[in-house]
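Here is the file model.pdb (PDB, C-alpha atoms and all ligand atoms).
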```pdb
ATOM      1  CA  MET W 198     250.941 -31.729 308.257
ATOM      2  CA  THR W 199     254.251 -33.513 308.586
ATOM      3  CA  ALA W 200     257.559 -32.566 307.117
ATOM      4  CA  VAL W 201     258.859 -34.747 304.324
ATOM      5  CA  PRO W 202     262.081 -36.627 304.918
ATOM      6  CA  GLY W 203     265.315 -35.460 303.397
ATOM      7  CA  GLY W 204     265.926 -32.011 304.805
ATOM      8  CA  ALA W 205     266.434 -30.304 308.126
ATOM      9  CA  THR W 206     263.005 -28.730 307.951
ATOM     10  CA  GLY W 207     261.681 -30.818 305.115
ATOM     11  CA  LEU W 208     260.559 -27.598 303.500
ATOM     12  CA  ASP W 209     263.457 -25.920 301.823
ATOM     13  CA  ASP W 210     263.482 -27.414 298.355
ATOM     14  CA  ARG W 211     265.652 -24.728 296.808
ATOM     15  CA  SER W 212     268.451 -27.206 296.286
ATOM     16  CA  ARG W 213     266.367 -30.310 295.759
ATOM     17  CA  ALA W 214     263.969 -31.616 293.187
ATOM     18  CA  SER W 215     262.184 -34.279 295.183
ATOM     19  CA  SER W 216     258.455 -34.827 295.588
ATOM     20  CA  SER W 217     256.310 -32.028 296.917
ATOM     21  CA  PRO W 218     257.528 -30.622 300.213
ATOM     22  CA  PHE W 219     253.939 -29.726 301.145
ATOM     23  CA  PRO W 220     251.973 -32.944 300.737
ATOM     24  CA  SER W 221     248.258 -32.662 300.175
ATOM     25  CA  PRO W 222     246.392 -32.667 303.456
ATOM     26  CA  THR W 223     245.133 -36.149 304.233
ATOM     27  CA  THR W 224     242.568 -34.807 306.647
ATOM     28  CA  ASP W 225     240.110 -31.929 306.488
ATOM     29  CA  PRO W 226     242.196 -29.083 305.027
ATOM     30  CA  THR W 227     240.181 -26.470 306.853
ATOM     31  CA  THR W 228     241.358 -27.510 310.273
ATOM     32  CA  ALA W 229     244.979 -27.454 311.147
ATOM     33  CA  PRO W 230     246.039 -30.375 313.344
ATOM     34  CA  GLY W 231     245.935 -30.132 317.111
ATOM     35  CA  GLY W 232     244.305 -26.734 317.179
ATOM     36  CA  THR W 233     247.223 -25.117 315.384
ATOM     37  CA  PRO W 234     246.168 -21.702 314.063
ATOM     38  CA  MET W 235     245.810 -21.426 310.297
ATOM     39  CA  TYR W 236     248.398 -18.636 310.367
ATOM     40  CA  THR W 237     251.045 -17.755 312.899
ATOM     41  CA  LEU W 238     253.167 -14.699 312.102
ATOM     42  CA  THR W 239     256.059 -13.924 314.393
ATOM     43  CA  ASP W 240     257.951 -10.631 314.222
ATOM     44  CA  VAL W 241     257.387 -10.359 310.475
ATOM     45  CA  THR W 242     259.215  -7.535 308.754
ATOM     46  CA  LYS W 243     259.212  -6.831 305.025
ATOM     47  CA  THR W 244     261.328  -4.173 303.430
ATOM     48  CA  TYR W 245     261.527  -3.151 299.798
ATOM     49  CA  ARG W 246     264.214  -1.213 298.016
ATOM     50  CA  GLN W 247     262.925   1.771 296.076
ATOM     51  CA  GLY W 248     265.958   3.123 294.282
ATOM     52  CA  THR W 249     268.332   4.151 297.046
ATOM     53  CA  ARG W 250     265.633   4.106 299.736
ATOM     54  CA  THR W 251     264.546   1.161 301.840
ATOM     55  CA  VAL W 252     260.790   1.120 302.510
ATOM     56  CA  THR W 253     259.475  -0.836 305.472
ATOM     57  CA  ALA W 254     256.121  -2.306 304.434
ATOM     58  CA  LEU W 255     255.684  -4.565 307.478
ATOM     59  CA  SER W 256     257.346  -3.858 310.799
ATOM     60  CA  GLY W 257     257.472  -6.577 313.453
ATOM     61  CA  VAL W 258     254.013  -8.038 312.849
ATOM     62  CA  ASP W 259     252.827 -10.680 315.326
ATOM     63  CA  LEU W 260     249.525 -12.228 314.344
ATOM     64  CA  GLU W 261     247.565 -15.439 314.796
ATOM     65  CA  ILE W 262     244.583 -16.295 312.626
ATOM     66  CA  PRO W 263     242.613 -19.333 313.789
ATOM     67  CA  ALA W 264     241.334 -21.792 311.180
ATOM     68  CA  GLY W 265     237.884 -20.790 309.996
ATOM     69  CA  GLN W 266     238.044 -17.150 311.036
ATOM     70  CA  MET W 267     236.758 -14.288 308.879
ATOM     71  CA  VAL W 268     239.132 -11.342 309.196
ATOM     72  CA  ALA W 269     238.931  -7.880 307.657
ATOM     73  CA  ILE W 270     242.025  -5.709 307.307
ATOM     74  CA  GLN W 271     241.678  -1.958 306.907
ATOM     75  CA  GLY W 272     244.135   0.893 306.901
ATOM     76  CA  PRO W 273     245.516   3.719 304.802
ATOM     77  CA  THR W 274     247.045   3.254 301.375
ATOM     78  CA  GLY W 275     250.675   2.268 301.701
ATOM     79  CA  GLY W 276     250.067   0.835 305.174
ATOM     80  CA  GLY W 277     251.205  -2.654 304.183
ATOM     81  CA  LYS W 278     247.906  -4.449 303.549
ATOM     82  CA  SER W 279     248.768  -5.956 300.188
ATOM     83  CA  THR W 280     252.214  -6.866 301.457
ATOM     84  CA  LEU W 281     250.677  -8.725 304.389
ATOM     85  CA  LEU W 282     248.317 -10.554 302.039
ATOM     86  CA  GLN W 283     251.285 -11.584 299.891
ATOM     87  CA  MET W 284     252.943 -13.086 302.962
ATOM     88  CA  LEU W 285     249.749 -14.969 303.872
ATOM     89  CA  GLY W 286     249.350 -16.047 300.256
ATOM     90  CA  ALA W 287     252.832 -17.553 299.863
ATOM     91  CA  LEU W 288     253.464 -15.060 297.072
ATOM     92  CA  ASP W 289     256.535 -13.672 298.783
ATOM     93  CA  ARG W 290     258.668 -14.235 301.870
ATOM     94  CA  PRO W 291     259.318 -11.828 304.717
ATOM     95  CA  THR W 292     262.663 -10.083 305.048
ATOM     96  CA  SER W 293     262.781 -11.404 308.617
ATOM     97  CA  GLY W 294     260.451 -13.217 310.976
ATOM     98  CA  THR W 295     258.365 -16.316 310.323
ATOM     99  CA  VAL W 296     255.062 -16.992 308.590
ATOM    100  CA  ARG W 297     253.488 -20.351 309.371
ATOM    101  CA  LEU W 298     250.567 -21.832 307.470
ATOM    102  CA  GLY W 299     249.399 -24.547 309.809
ATOM    103  CA  ASP W 300     252.630 -26.281 310.726
ATOM    104  CA  ASP W 301     254.488 -25.222 307.588
ATOM    105  CA  ASP W 302     257.025 -22.416 307.699
ATOM    106  CA  LEU W 303     256.391 -20.438 304.514
ATOM    107  CA  SER W 304     259.202 -18.036 305.289
ATOM    108  CA  ALA W 305     261.773 -20.847 305.061
ATOM    109  CA  ALA W 306     260.161 -22.621 302.118
ATOM    110  CA  GLY W 307     261.534 -22.763 298.606
ATOM    111  CA  ASP W 308     259.756 -21.632 295.496
ATOM    112  CA  ARG W 309     258.297 -25.049 294.702
ATOM    113  CA  ALA W 310     256.880 -25.343 298.175
ATOM    114  CA  LEU W 311     255.310 -21.902 297.953
ATOM    115  CA  THR W 312     253.825 -22.723 294.559
ATOM    116  CA  ALA W 313     252.375 -25.952 295.937
ATOM    117  CA  ALA W 314     250.909 -24.160 298.948
ATOM    118  CA  ARG W 315     249.240 -21.611 296.674
ATOM    119  CA  ALA W 316     247.897 -24.215 294.289
ATOM    120  CA  ARG W 317     246.436 -26.526 296.897
ATOM    121  CA  ARG W 318     245.580 -24.512 299.942
ATOM    122  CA  ILE W 319     244.994 -20.874 299.042
ATOM    123  CA  GLY W 320     242.536 -19.032 296.804
ATOM    124  CA  PHE W 321     242.944 -15.390 295.746
ATOM    125  CA  VAL W 322     240.503 -12.695 294.708
ATOM    126  CA  PHE W 323     241.777  -9.277 293.589
ATOM    127  CA  GLN W 324     240.216  -5.872 293.026
ATOM    128  CA  GLY W 325     240.895  -6.009 289.284
ATOM    129  CA  PHE W 326     239.466  -9.552 288.822
ATOM    130  CA  ASN W 327     242.691 -10.649 287.033
ATOM    131  CA  LEU W 328     240.889 -12.796 284.469
ATOM    132  CA  ILE W 329     242.590 -13.761 281.226
ATOM    133  CA  PRO W 330     240.742 -11.799 278.524
ATOM    134  CA  THR W 331     241.130 -14.358 275.751
ATOM    135  CA  LEU W 332     239.700 -17.233 277.799
ATOM    136  CA  THR W 333     236.042 -17.979 278.476
ATOM    137  CA  ALA W 334     234.650 -17.912 281.993
ATOM    138  CA  ALA W 335     234.919 -21.695 282.231
ATOM    139  CA  GLU W 336     238.482 -21.679 280.903
ATOM    140  CA  ASN W 337     239.438 -18.963 283.380
ATOM    141  CA  VAL W 338     238.123 -21.074 286.250
ATOM    142  CA  GLU W 339     240.026 -24.091 284.923
ATOM    143  CA  THR W 340     243.320 -22.203 285.111
ATOM    144  CA  ALA W 341     243.188 -22.826 288.874
ATOM    145  CA  PHE W 342     244.189 -26.415 288.124
ATOM    146  CA  ALA W 343     247.475 -25.243 286.675
ATOM    147  CA  ASP W 344     249.599 -28.019 288.132
ATOM    148  CA  GLY W 345     247.994 -30.652 285.915
ATOM    149  CA  SER W 346     247.254 -33.056 288.759
ATOM    150  CA  VAL W 347     243.521 -33.119 288.038
ATOM    151  CA  PRO W 348     242.327 -34.932 284.879
ATOM    152  CA  ARG W 349     240.747 -32.820 282.162
ATOM    153  CA  ASP W 350     237.211 -34.180 282.510
ATOM    154  CA  GLU W 351     237.250 -33.565 286.229
ATOM    155  CA  ARG W 352     238.645 -30.049 285.723
ATOM    156  CA  ARG W 353     235.790 -29.293 283.351
ATOM    157  CA  ARG W 354     233.142 -30.756 285.613
ATOM    158  CA  ARG W 355     234.386 -28.957 288.706
ATOM    159  CA  SER W 356     234.771 -25.659 286.854
ATOM    160  CA  ALA W 357     231.193 -25.910 285.574
ATOM    161  CA  GLU W 358     230.007 -26.644 289.115
ATOM    162  CA  ALA W 359     231.968 -23.707 290.501
ATOM    163  CA  LEU W 360     230.497 -21.335 287.917
ATOM    164  CA  ALA W 361     227.008 -22.611 288.688
ATOM    165  CA  SER W 362     227.659 -22.096 292.409
ATOM    166  CA  VAL W 363     228.322 -18.399 291.803
ATOM    167  CA  GLY W 364     225.221 -18.063 289.647
ATOM    168  CA  LEU W 365     226.993 -18.049 286.289
ATOM    169  CA  GLY W 366     226.129 -21.482 284.964
ATOM    170  CA  ASP W 367     224.704 -19.848 281.848
ATOM    171  CA  ARG W 368     227.767 -17.666 281.182
ATOM    172  CA  ALA W 369     230.424 -20.372 280.940
ATOM    173  CA  ASP W 370     231.254 -19.567 277.314
ATOM    174  CA  HIS W 371     231.444 -15.797 277.739
ATOM    175  CA  ARG W 372     234.743 -13.937 277.701
ATOM    176  CA  PRO W 373     235.454 -11.344 280.411
ATOM    177  CA  ALA W 374     234.659  -8.400 278.095
ATOM    178  CA  GLU W 375     231.167  -9.850 277.648
ATOM    179  CA  LEU W 376     230.534  -9.859 281.399
ATOM    180  CA  SER W 377     229.760  -7.072 283.877
ATOM    181  CA  GLY W 378     232.251  -6.224 286.622
ATOM    182  CA  GLY W 379     230.207  -8.119 289.177
ATOM    183  CA  GLN W 380     230.015 -11.148 286.902
ATOM    184  CA  GLN W 381     233.773 -11.020 286.287
ATOM    185  CA  GLN W 382     234.376 -10.991 290.018
ATOM    186  CA  ARG W 383     232.038 -13.975 290.371
ATOM    187  CA  VAL W 384     234.187 -15.835 287.844
ATOM    188  CA  ALA W 385     237.237 -14.891 289.901
ATOM    189  CA  VAL W 386     235.548 -16.207 293.053
ATOM    190  CA  ALA W 387     234.723 -19.465 291.266
ATOM    191  CA  ARG W 388     238.359 -19.718 290.150
ATOM    192  CA  ALA W 389     239.521 -19.117 293.727
ATOM    193  CA  LEU W 390     237.216 -21.755 295.204
ATOM    194  CA  VAL W 391     237.267 -24.504 292.577
ATOM    195  CA  THR W 392     240.334 -26.160 294.089
ATOM    196  CA  GLU W 393     238.631 -26.196 297.508
ATOM    197  CA  PRO W 394     241.308 -24.227 299.340
ATOM    198  CA  ALA W 395     241.411 -23.919 303.116
ATOM    199  CA  VAL W 396     242.149 -20.196 302.861
ATOM    200  CA  LEU W 397     240.631 -17.446 300.726
ATOM    201  CA  LEU W 398     242.525 -14.153 300.517
ATOM    202  CA  ALA W 399     240.792 -11.150 298.973
ATOM    203  CA  ASP W 400     242.540  -7.822 298.267
ATOM    204  CA  GLU W 401     239.905  -5.085 297.882
ATOM    205  CA  PRO W 402     237.525  -7.558 296.215
ATOM    206  CA  THR W 403     234.721  -4.997 295.970
ATOM    207  CA  GLY W 404     236.893  -1.950 295.300
ATOM    208  CA  ALA W 405     235.920  -1.729 291.630
ATOM    209  CA  LEU W 406     232.212  -2.434 292.101
ATOM    210  CA  ASP W 407     229.113  -0.331 292.786
ATOM    211  CA  GLU W 408     227.356  -0.745 296.129
ATOM    212  CA  ALA W 409     224.699  -3.216 295.032
ATOM    213  CA  THR W 410     227.277  -5.423 293.322
ATOM    214  CA  ARG W 411     229.602  -5.047 296.290
ATOM    215  CA  ASP W 412     226.917  -6.497 298.541
ATOM    216  CA  GLU W 413     226.292  -9.389 296.138
ATOM    217  CA  ILE W 414     229.980 -10.286 296.061
ATOM    218  CA  MET W 415     230.198 -10.009 299.849
ATOM    219  CA  ASP W 416     227.148 -12.270 300.188
ATOM    220  CA  LEU W 417     228.906 -14.772 297.964
ATOM    221  CA  LEU W 418     232.188 -14.638 299.907
ATOM    222  CA  GLU W 419     230.407 -14.850 303.229
ATOM    223  CA  ALA W 420     228.301 -17.818 302.070
ATOM    224  CA  ALA W 421     231.474 -19.580 300.918
ATOM    225  CA  TRP W 422     233.056 -18.884 304.290
ATOM    226  CA  ARG W 423     230.054 -20.220 306.215
ATOM    227  CA  GLU W 424     229.464 -23.268 304.066
ATOM    228  CA  ARG W 425     233.032 -24.370 303.437
ATOM    229  CA  GLY W 426     234.640 -23.529 306.764
ATOM    230  CA  LEU W 427     237.167 -21.317 304.997
ATOM    231  CA  THR W 428     239.612 -19.037 306.662
ATOM    232  CA  LEU W 429     238.722 -15.750 304.926
ATOM    233  CA  VAL W 430     240.937 -12.662 304.978
ATOM    234  CA  ILE W 431     239.606  -9.558 303.236
ATOM    235  CA  VAL W 432     241.534  -6.332 302.740
ATOM    236  CA  THR W 433     239.095  -3.486 302.263
ATOM    237  CA  HIS W 434     238.737   0.283 302.381
ATOM    238  CA  ASP W 435     235.024  -0.131 302.897
ATOM    239  CA  SER W 436     233.772  -0.212 306.489
ATOM    240  CA  SER W 437     230.487  -1.783 305.442
ATOM    241  CA  VAL W 438     232.518  -4.709 304.114
ATOM    242  CA  ALA W 439     234.746  -4.860 307.199
ATOM    243  CA  ARG W 440     231.754  -4.816 309.539
ATOM    244  CA  ARG W 441     230.715  -8.201 308.207
ATOM    245  CA  ALA W 442     233.871  -9.862 309.532
ATOM    246  CA  GLU W 443     234.276 -11.651 312.850
ATOM    247  CA  ARG W 444     237.498  -9.802 313.482
ATOM    248  CA  ARG W 445     238.815  -6.489 312.252
ATOM    249  CA  LEU W 446     242.456  -5.488 312.033
ATOM    250  CA  HIS W 447     243.932  -2.077 311.295
ATOM    251  CA  LEU W 448     247.244  -1.967 309.471
ATOM    252  CA  GLU W 449     249.189   1.268 309.358
ATOM    253  CA  ASP W 450     252.897   1.981 308.987
ATOM    254  CA  GLY W 451     253.473  -1.750 308.769
ATOM    255  CA  GLN W 452     251.963  -2.454 312.176
ATOM    256  CA  VAL W 453     248.802  -4.373 313.012
ATOM    257  CA  ARG W 454     246.323  -3.652 315.753
ATOM    258  CA  GLU W 455     242.959  -5.142 316.602
ATOM    259  CA  VAL W 456     239.797  -3.105 316.087
ATOM    260  CA  GLU W 457     236.864  -3.828 318.396
ATOM    261  CA  ALA W 458     235.009  -7.015 317.446
ATOM    262  CA  ALA W 459     231.839  -6.106 315.612
ATOM    263  CA  GLY W 460     230.988  -9.011 313.406
ATOM    264  CA  GLN W 461     228.811 -12.032 313.465
ATOM    265  CA  PRO W 462     229.916 -15.486 314.413
ATOM    266  CA  ARG W 463     229.496 -18.193 311.828
ATOM    267  CA  GLY W 464     225.903 -19.394 312.313
TER     268      GLY W 464
HETATM  269  N1  LIG V   1     257.134  -4.458 295.119
HETATM  270  C1  LIG V   1     257.386  -3.351 295.819
HETATM  271  N2  LIG V   1     258.540  -2.659 295.628
HETATM  272  C2  LIG V   1     258.828  -1.561 296.337
HETATM  273  N3  LIG V   1     258.003  -1.032 297.287
HETATM  274  C3  LIG V   1     256.842  -1.670 297.515
HETATM  275  C4  LIG V   1     256.467  -2.846 296.801
HETATM  276  N4  LIG V   1     255.251  -3.260 297.254
HETATM  277  C5  LIG V   1     254.888  -2.379 298.198
HETATM  278  N5  LIG V   1     255.827  -1.418 298.363
HETATM  279  C6  LIG V   1     255.793  -0.323 299.355
HETATM  280  O1  LIG V   1     255.480  -0.882 300.606
HETATM  281  C7  LIG V   1     254.562  -0.058 301.306
HETATM  282  C8  LIG V   1     253.295  -0.846 301.596
HETATM  283  O2  LIG V   1     252.621  -1.121 300.372
HETATM  284  P1  LIG V   1     251.320  -2.025 300.271
HETATM  285  O3  LIG V   1     251.535  -3.291 301.001
HETATM  286  O4  LIG V   1     250.970  -2.123 298.830
HETATM  287  O5  LIG V   1     250.234  -1.158 301.050
HETATM  288  P2  LIG V   1     248.636  -1.101 300.952
HETATM  289  O6  LIG V   1     248.181  -2.347 300.255
HETATM  290  O7  LIG V   1     248.193  -0.997 302.367
HETATM  291  O8  LIG V   1     248.310   0.124 300.180
HETATM  292  C9  LIG V   1     254.344   1.159 300.449
HETATM  293  O9  LIG V   1     255.223   2.163 300.869
HETATM  294  C10 LIG V   1     254.698   0.673 299.069
HETATM  295  O10 LIG V   1     255.163   1.738 298.254
HETATM  296 MG    MG V   2     247.037  -2.609 298.569
END
```

In structure tokens, what does this structure look like?
Ligand SMILES: Nc1ncnc2c1ncn2[C@@H]1O[C@H](COP(=O)(O)OP(=O)(O)O)[C@@H](O)[C@H]1O
Ligand SMILES: [Mg+2]
Amino acid sequence: MTAVPGGATGLDDRSRASSSPFPSPTTDPTTAPGGTPMYTLTDVTKTYRQGTRTVTALSGVDLEIPAGQMVAIQGPTGGGKSTLLQMLGALDRPTSGTVRLGDDDLSAAGDRALTAARARRIGFVFQGFNLIPTLTAAENVETAFADGSVPRDERRRRSAEALASVGLGDRADHRPAELSGGQQQRVAVARALVTEPAVLLADEPTGALDEATRDEIMDLLEAAWRERGLTLVIVTHDSSVARRAERRLHLEDGQVREVEAAGQPRG
């Protein structure tokens, strides 16, 4: 990925309204150029103000995630897992340090650049599904194309395909309240994947599901990872979920450490 002309880094669009600072990848989006890792975090610190207190959610995190890796992140509540996922997901910037997605410095990017990165390169799945209750399953999936760059017919066709790919082709017209928890999470997975992102970030994706449904959703995420060459990062409390990953990280007190490799390489 190259920087666009017109700025020192080409990325900080806070003061400009030019064309997208993160152009669509012209090559396979799942492989960063020249063996660049998908993510490179350098000395990343994130603090929040809580009233008069300052809380350190991430403390000097150094982390590389190669393109195509499946990573599980575990650790106690309040350890910084969701904060880390927000940094990876271009939802927020660190207080200090750098977060690179491929060659792009998300920590120095403006809001438009972060929005573009999220829309084109990153899919999200959350514990609470985060579906819009008044929209049908198909309409929920279509919301992934929020930037309007994809024509309506194509949005519809791809959303229908995505729902079929998660086994919900016959539920396209159902609203979330008419679906089970597992089915709602399948809709959320379809929404996350319909734009064909390079990265899928999941924050406790099975936390609200029973064990059988948990395993179904994990099968789905793992199949997507294998088949699409995704970089998949899953935050989980559940060791049976984490064991399925190629790499396991433990995050506590804002600091990351590696857990022994236990998982299975992509076949
Ligand atoms: N938006 C926020 N405002 C203030 N404090 C926050 C915010 N988000 C997270 N925190 C604090 O940062 C720390 C890490 O939180 P979080 O990343 O949610 O941890 P985890 O996901 O591992 O439970 C906690 O102390 C939490 O209270
Ligand atoms: Mg969390």

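Checking W:Arg349, W:Arg297, W:Arg372, W:Arg250 one by one against Pro263 (chain W), counting all atoms listed in the file, you find the shortest gap at W:Arg297.
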
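Coordinates place CA of Val430 (chain W) at a distance of 18.4 Å from CA of Pro291 (chain W).
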
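Compared by their closest atoms to ligand LIG 1 (chain V), and using all atoms listed in the file, the residues W:Gly404, W:Gly257, W:Gly248, W:Gly364 rank with W:Gly248 nearest.
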
Q.
Selection in question (the file shown): the PyMOL selection byres (((not hetatm)) within 12 of (chain V and resi 1)). Which residues does it include, as a PyMOL selection string?
A. chain W and resi 242-256+270-284+288-290+323-324+399-401+431-434+447-453

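Restricting the calculation to only C-alpha atoms, the smallest distance between Met267 (chain W) and any of W:Ala374, W:Ala310, W:Leu427, W:Glu455 is found for W:Leu427.
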
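Each of W:Pro402, W:Gly426, W:Gly379, W:Pro330 was checked against ligand MG 2 (chain V) using all atoms listed in the file; the smallest atom-to-atom distance is that of W:Pro402.
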
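From CA of Glu336 (chain W) back to CA of Asp350 (chain W), the distance works out to 12.7 Å.
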
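Interatomic distance, CA of Leu397 (chain W) against CA of Leu429 (chain W): 4.9 Å.
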
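Considering all atoms listed in the file, the residue among W:Val338, W:Ala305, W:Ala439, W:Val363 positioned nearest to Val456 (chain W) is W:Ala439.
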
- [ ] Any chance you could resolve the PyMOL selection byres (((chain W and resi 396) around 9) and not hetatm) against this file and give the residues as number ranges by chain?
- [x] W: 227, 235, 264-265, 286, 318-321, 393-395, 397-398, 427-430

Do you know which residues the PyMOL selection byres (((chain W and resi 334) around 10) and not hetatm) returns on this file, as a PyMOL selection string? chain W and resi 328-333+335-339+356-357+360+365-366+368-373+375-376+380-381+383-385+387-388

Test item: residues at most 8 Å from Phe342 (chain W), all atoms listed in the file, excluding those fewer than 4 positions along its chain, as a PyMOL selection string
chain W and resi 316+346-347+352+392
